[in-house]
Structures are given as C-alpha cells and as structure tokens.
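Take a look at the structure set out below.
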Amino acid sequence: MILFNALDLGLAAIVLGVAAWTIAARRVFKAVVGYVAYGLLLAIVWVRLYAPDVALTEAAIGGGVTGVLLVSASTRLQRLPAPDAPPGAALKIAAALLSALVAGVLAAAVLYLPDPARSLAPEADAHLAATGLGNAVTAVLIAYRSFDTMLEKVVLVLAVAGVWSVAPDRFWGGAPAPLGRAAPDAALVFLARVLAPIGAVIGVQMFWVGADEPGGAFQGGAILAAMWMIVMMARQTEPPRISSGWLRLGLIAGPAVFLLAGLAGPIMASSFFAFPEGFAKPVILFIEAFMVLSIAITLPLLVLGPPNREAGR
Amino acid sequence: MNALLDLFTVLAVGAGVFFFLAGSVALLRFPDSLSRLHALTKADNLGLGLVVLGLIPRAASPLAALKLIVLWALVQLGSATVAQMIGGALRRREAIE
C-alpha cells in the first residue's frame with residue numbers, strides 16, 4: 001500500500017511539474033509538447049482513480065487530437081509575421097489573474113464537495129440490467145442522460161460549422177489545406193499503411209466492447225479519427241471538400257439518428273428519449289454506431305480547419 | 001511452479017525497468033540528438049519488450065497475453081517511425097546549415 005501511495009504522490013508531483021513547465025515554456029512548440037505529455041500523464045492519473053473510460057478519452061483527446069490541433073495551430077502561427085511588440089506586462093498579469101481565478105474556483109469547488117460526496121453510482125448500477133449494458137458509464141451516457149449526450153454531439157457539429165464559417169467566400173465549398181508536407185517521410189507513409197487498418201479494427205472494437213467494458217463511442221471514434229488524420233498526414237488521401245454531401249451526412253448522422261431514436265420514444269416506449277423495454281441495448285448500440293461515424297469525421301475536420309482552396313467545380 | 005513464474009516476472013520486469021532507466025539516463029546525458037534517439041528506441045524496444053514478457057505469465061487469458069504482445073508491436077511501429085522521422089528532420093537541418 002505504501003508503495004502505491006509513493007507512486008501516486010510521485011505521479012501527482014510529475015503532473016504538477018509538467019504543468020508548470022508547460023506554462024513556463026517560452027516557445028510555442030515546447031509548450032505544446034509539454035501539454036501533450038501532461039495529457040498522457042493525466043490519463044495515467046485517471047487509471048489510478050479507477051476511471052478507465054475517462055482515461056481512454058483523456059489519452060485520445062487530451063494527448064492525441066488536441067496535440068495535433070495545437071501543433072498545426074503553432075505551425076500556422078509561426079508562418080505569420082511576428083507581432084511588432086511582445087505582449088505588455090499588463091496583458092500578462094491580466095491573463096495570469098484570469099487563469100488563477102478559473103483554477104481557484106475549480107479547486108474550491110472540488111475542496112468544498114460534501115464529504116462523503118453524494119453519489120448516484122449505486123443507483124446507476126442498480127438499474128443497469130434494464131439497459132442490457134454491462135458498462136455503467138455507457139449506460140449513463142446513452143441511456144440515463146441521453147438527451148445531454150445528444151446535445152453534446154450537436155455542439156461538436158456546431159464547432160465544425162464555426163470553423164468553416166471563418167473561410168473566405170471564394171473558398172466556400174472547397175477543401176482545407178493538406179495536413180502534411182507535399183513529400184511525406186517514407187516512414188510516415190509506411191506507418192499510415194500499416195497502422196490505419198489495425199487502428200480501424202481497434203477503434204470499432206473499442207466502441208463494440210464499450211457496451212460492457214471500458215470504451216465506447218467517443219473513444220472508438222477518436223481512434224478512427226486519429227487513423228484518418230495519419231493517412232492524411234502521409235498524403236495517402238487529401239482532405240475532403242466541405243461541400244461533399246457524404247461528408248455532411250456523416251457529420252450529422254450521429255446526432256440525427258440519436259434525435260430520431262429519442263423522438264420515437266413516445267411511440268416505441270413510454271416517453272421522449274425512452275428506449276423500449278428489453279430492446280434497449282440494440283437501440284443504444286445502433287445510435288452509438290452512427291455517433292462513432294460522426295466523431296471520426298468531426299475531430300479531423302476540426303484539426304483541418306477552414307477550407308482554403310477553390311471548390312474546383 | 002508459481003514461485004518460478006513469479007521469479008521470471010520479477011527478473012524480466014526488473015530487466016525491462018533497467019533498460020528504461022538506462023535509456024532515460026542516456027537521453028539526458030548523451031551529447032547529440034542521434035545518440036539520444038538511439039538510446040530512446042532501445043528503451044522502447046527492449047525495455048517494454050521485457051516488461052511485456054514478464055507480464056505474459058500473469059495475463060488472465062491467452063487472449064490477454066496476445067493483447068500485451070500486440071501492444072508491444074504497436075509501440076515498436078510507432079517508435080521506429082518517430083525515430084526515422086526525427087532522424088530525417090535532423091539530416092535535413094544539417095543539410096541546411
């Protein structure tokens with residue numbers, strides 16, 4: 001037990017150290033590398049807190065997708081002309097104060113939780129049988145609070161619409177800039193060709209076992225998204241035109257199927273967003289399958305950014 | 001038999017940890033990027049390989065053992081690619097200078 005306590009304390013110290021290093025880093029790229037390492041360490045923290053579902057999401061989103069997003073953002077920033085003057089002391093202090101305020105409020109919220117914290121975990125476990133699922137986290141996400149989850153997916157679609165909307169008019173309907181260099185490393189091409197098929201299988205498997213074990217639609221979708229991004233970085237495929245009907249259909253498929261299943265609730269079951277008794281699991285997996293598709297399309301589109309090429313019609 | 005398997009796990013995982021430690025020390029101490037890269041890939045390759053080897057007898061099922069091996073193979077693929085790409089980037093930078 002003492003050994004585990006020492007390991008946990010060490011882990012917490014490293015997380016804090018990497019966080020401080022990320023803030024103190026003077027170059028954007030260094031800060032991004034620090035942030036990715038921080039995300040991966042946080043994933044280990046979630047594992048130690050017995051939350052493997054959150055750990056998977058943190059590794060995929062905090063380490064993976066956000067990392068790619070920040071790296072491509074920092075390369076784009078470096079291509080811009082340097083600002084005339086570095087940010088002044090007043091701006092720096094204001095930013096530090098704002099960050100400290102957010103961190104302070106979050107810390108206070110955690111520290112002033114009632115002890116023992118109120119928990120709905122026993123309730124969630126008790127009604128698990130009604131959903132036919134084995135993983136309580138998936139049951140919470142898709143069954144108990146399905147309306148919230150549906151709205152979260154709508155938010156992701158809105159985020160993509162927001163990114164697209166900053167495109168200049170003449171590029172509307174065109175494709176975003178390619179992710180990698182024109183002549184990618186041979187090693188990267190090899191990785192894309194070997195890893196993408198394996199990753200596709202792992203992504204689908206992670207969604208499928210998510211019904212009963214750690215995993216789920218978001219984690220599986222994030223892995224599929226990573227595979228698509230690697231293939232695009234290796235220039236084995238180019239970013240799609242945003243006017244593509246199939247792309248847009250895939251983008252909204254998840255929330256749309258979710259909403260339709262929710263609207264069918266009053267007919268098939270008792271109420272809005274209720275699933276038919278004894279048939280809940282197939283409905284949940286059906287919804288999740290389309291959510292996997294939407295997430296796998298949404299995340300790369302957020303990384304790709306707005307279109308910057310003519311539609312080429 | 002069990003004691004023997006335990007001993008095997010301790011020895012293999014211990015050796016793996018040694019390679020990770022040696023790789024990390026080398027990463028901090030070696031003079032240039034290519035040598036550091038060399039040290040890092042050894043830690044990934046041998047270190048993780050030995051840790052996985054040591055954990056195989058403790059896997060709950062043959063499938064779980066297979067998953068551990070697949071995990072090692074995937075890390076190999078990733079680390080070999082990253083090493084190639086960093087090496088390539090270093091060579092391009094040298095060509096510029």
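Every chain in the structure tokens has a letter given in the order shown (A, B, ...), and although residue numbers restart at 1 in each chain, ligands are simply numbered from 1 in the order shown.
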(message) I need the contact residues of chain B against chain A, so if you could list those with any atom within 10 Å, counting only C-alpha atoms, and return them as an MDAnalysis selection string, that would help.
(response) chainID B and resid 74 77:78 80:85 88:89
List the spatial neighbours of A:Asp53 as a short mmCIF file (atom, residue, chain, number, x, y, z; two decimals) with N, CA and C atoms, in the first residue's frame - criterion: any atom at most 10 Å away, only C-alpha atoms, same-chain residues fewer than 2 positions off excluded.
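So selection_14.cif came out as:
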```cif
data_model
loop_
_atom_site.label_atom_id
_atom_site.label_comp_id
_atom_site.auth_asym_id
_atom_site.auth_seq_id
_atom_site.Cartn_x
_atom_site.Cartn_y
_atom_site.Cartn_z
N ALA A 43 -3.98 10.82 -18.14
CA ALA A 43 -4.64 9.55 -18.44
C ALA A 43 -4.23 8.50 -17.41
N TRP A 46 -6.11 9.08 -14.24
CA TRP A 46 -7.48 8.56 -14.28
C TRP A 46 -7.51 7.05 -14.08
N VAL A 47 -6.48 6.36 -14.61
CA VAL A 47 -6.41 4.91 -14.39
C VAL A 47 -6.25 4.64 -12.90
N TYR A 50 -9.32 4.66 -10.89
CA TYR A 50 -10.27 3.62 -11.32
C TYR A 50 -11.31 4.16 -12.30
N ALA A 51 -10.90 5.04 -13.19
CA ALA A 51 -11.81 5.56 -14.21
C ALA A 51 -11.23 5.31 -15.60
N ALA A 55 -9.92 7.75 -18.69
CA ALA A 55 -8.51 7.68 -19.07
C ALA A 55 -8.37 7.53 -20.59
N LEU A 56 -9.20 6.66 -21.17
CA LEU A 56 -9.14 6.46 -22.63
C LEU A 56 -9.47 7.76 -23.35
N THR A 57 -10.53 8.45 -22.88
CA THR A 57 -10.92 9.70 -23.52
C THR A 57 -9.81 10.73 -23.38
N GLU A 58 -9.23 10.82 -22.18
CA GLU A 58 -8.18 11.81 -21.93
C GLU A 58 -6.97 11.55 -22.84
N ASN A 135 -21.55 -1.84 -18.94
CA ASN A 135 -20.69 -0.72 -18.55
C ASN A 135 -21.57 0.44 -18.10
N VAL A 137 -20.86 3.41 -17.30
CA VAL A 137 -20.55 4.71 -17.90
C VAL A 137 -21.31 4.89 -19.21
N THR A 138 -21.32 3.82 -20.04
CA THR A 138 -22.07 3.89 -21.29
C THR A 138 -23.56 4.05 -21.01
N GLY A 210 -17.45 -1.31 -25.59
CA GLY A 210 -17.86 -0.22 -24.70
C GLY A 210 -19.20 -0.48 -24.04
N GLU A 213 -17.60 -3.14 -21.28
CA GLU A 213 -16.30 -2.90 -20.65
C GLU A 213 -15.88 -1.46 -20.94
N PRO A 214 -14.78 -0.98 -20.33
CA PRO A 214 -14.33 0.37 -20.63
C PRO A 214 -14.16 0.58 -22.13
N GLY A 215 -14.58 1.73 -22.59
CA GLY A 215 -14.56 2.03 -24.03
C GLY A 215 -15.85 2.72 -24.37
N GLY A 216 -16.14 2.85 -25.64
CA GLY A 216 -17.40 3.47 -26.02
C GLY A 216 -17.29 4.22 -27.32
N PHE A 218 -17.22 7.45 -28.07
CA PHE A 218 -16.31 8.59 -28.20
C PHE A 218 -14.86 8.10 -28.35
N GLN A 219 -14.47 7.14 -27.50
CA GLN A 219 -13.10 6.64 -27.55
C GLN A 219 -12.82 5.95 -28.89
#
```
(message) Would you pick out the contacts of stretch 222-224 of chain A at 9 Å or less, using only C-alpha atoms, so that residues sharing its chain but fewer than 4 positions from it are not included, and give the list as a ChimeraX atom specification?
(response) /A:57,60-61,64-65,196,199-204,206,217-218,228-229,292-293,295-297,299
(message) DSSP on the backbone, alpha helix (DSSP H) only: what residues of chain B does that give? Format it as a PyMOL selection string.
(response) chain B and resi 2-29+33-42+48-55+62-96
So that I can check the surroundings of B:Phe18, please list as a tab-separated table (two decimals) with N, CA and C atoms, in the first residue's frame every protein, DNA and RNA residue that reaches within 12 Å of it, counting only C-alpha atoms and ignoring chain neighbours fewer than 3 positions away.
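Output file out_26.tsv is given in full below:
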```tsv
chain	number	residue	atom	x	y	z
B	10	VAL	N	9.53	-11.18	-11.99
B	10	VAL	CA	10.35	-10.18	-11.30
B	10	VAL	C	11.62	-9.90	-12.10
B	11	LEU	N	12.27	-10.98	-12.58
B	11	LEU	CA	13.53	-10.81	-13.33
B	11	LEU	C	13.29	-10.06	-14.63
B	12	ALA	N	12.27	-10.47	-15.40
B	12	ALA	CA	12.04	-9.86	-16.71
B	12	ALA	C	11.62	-8.40	-16.57
B	13	VAL	N	10.64	-8.13	-15.67
B	13	VAL	CA	10.19	-6.75	-15.49
B	13	VAL	C	11.33	-5.90	-14.93
B	14	GLY	N	12.12	-6.49	-14.01
B	14	GLY	CA	13.27	-5.76	-13.46
B	14	GLY	C	14.25	-5.38	-14.56
B	15	ALA	N	14.54	-6.34	-15.45
B	15	ALA	CA	15.46	-6.06	-16.56
B	15	ALA	C	14.87	-4.98	-17.46
B	21	LEU	N	15.45	2.77	-17.42
B	21	LEU	CA	16.26	3.69	-16.62
B	21	LEU	C	17.51	4.09	-17.40
B	22	ALA	N	18.20	3.07	-17.98
B	22	ALA	CA	19.42	3.35	-18.74
B	22	ALA	C	19.09	4.26	-19.92
B	23	GLY	N	17.96	3.99	-20.61
B	23	GLY	CA	17.56	4.82	-21.74
B	23	GLY	C	17.31	6.25	-21.31
B	24	SER	N	16.64	6.42	-20.15
B	24	SER	CA	16.34	7.77	-19.68
B	24	SER	C	17.61	8.52	-19.30
B	25	VAL	N	18.54	7.82	-18.62
B	25	VAL	CA	19.82	8.45	-18.26
B	25	VAL	C	20.55	8.87	-19.52
B	42	LYS	N	16.07	2.09	-27.87
B	42	LYS	CA	16.43	0.86	-27.14
B	42	LYS	C	15.51	0.67	-25.94
B	43	ALA	N	15.23	1.78	-25.23
B	43	ALA	CA	14.35	1.68	-24.06
B	43	ALA	C	12.97	1.19	-24.49
B	44	ASP	N	12.44	1.78	-25.57
B	44	ASP	CA	11.11	1.37	-26.06
B	44	ASP	C	11.11	-0.09	-26.45
B	46	LEU	N	13.57	-2.84	-26.11
B	46	LEU	CA	13.94	-3.88	-25.14
B	46	LEU	C	13.22	-3.72	-23.82
B	47	GLY	N	13.15	-2.48	-23.33
B	47	GLY	CA	12.54	-2.23	-22.02
B	47	GLY	C	11.10	-2.70	-22.00
B	48	LEU	N	10.30	-2.20	-22.95
B	48	LEU	CA	8.89	-2.58	-22.98
B	48	LEU	C	8.75	-4.07	-23.33
B	50	LEU	N	10.73	-6.54	-22.52
B	50	LEU	CA	10.98	-7.35	-21.33
B	50	LEU	C	9.85	-7.23	-20.32
B	51	VAL	N	9.29	-6.01	-20.17
B	51	VAL	CA	8.17	-5.82	-19.24
B	51	VAL	C	6.98	-6.68	-19.71
```
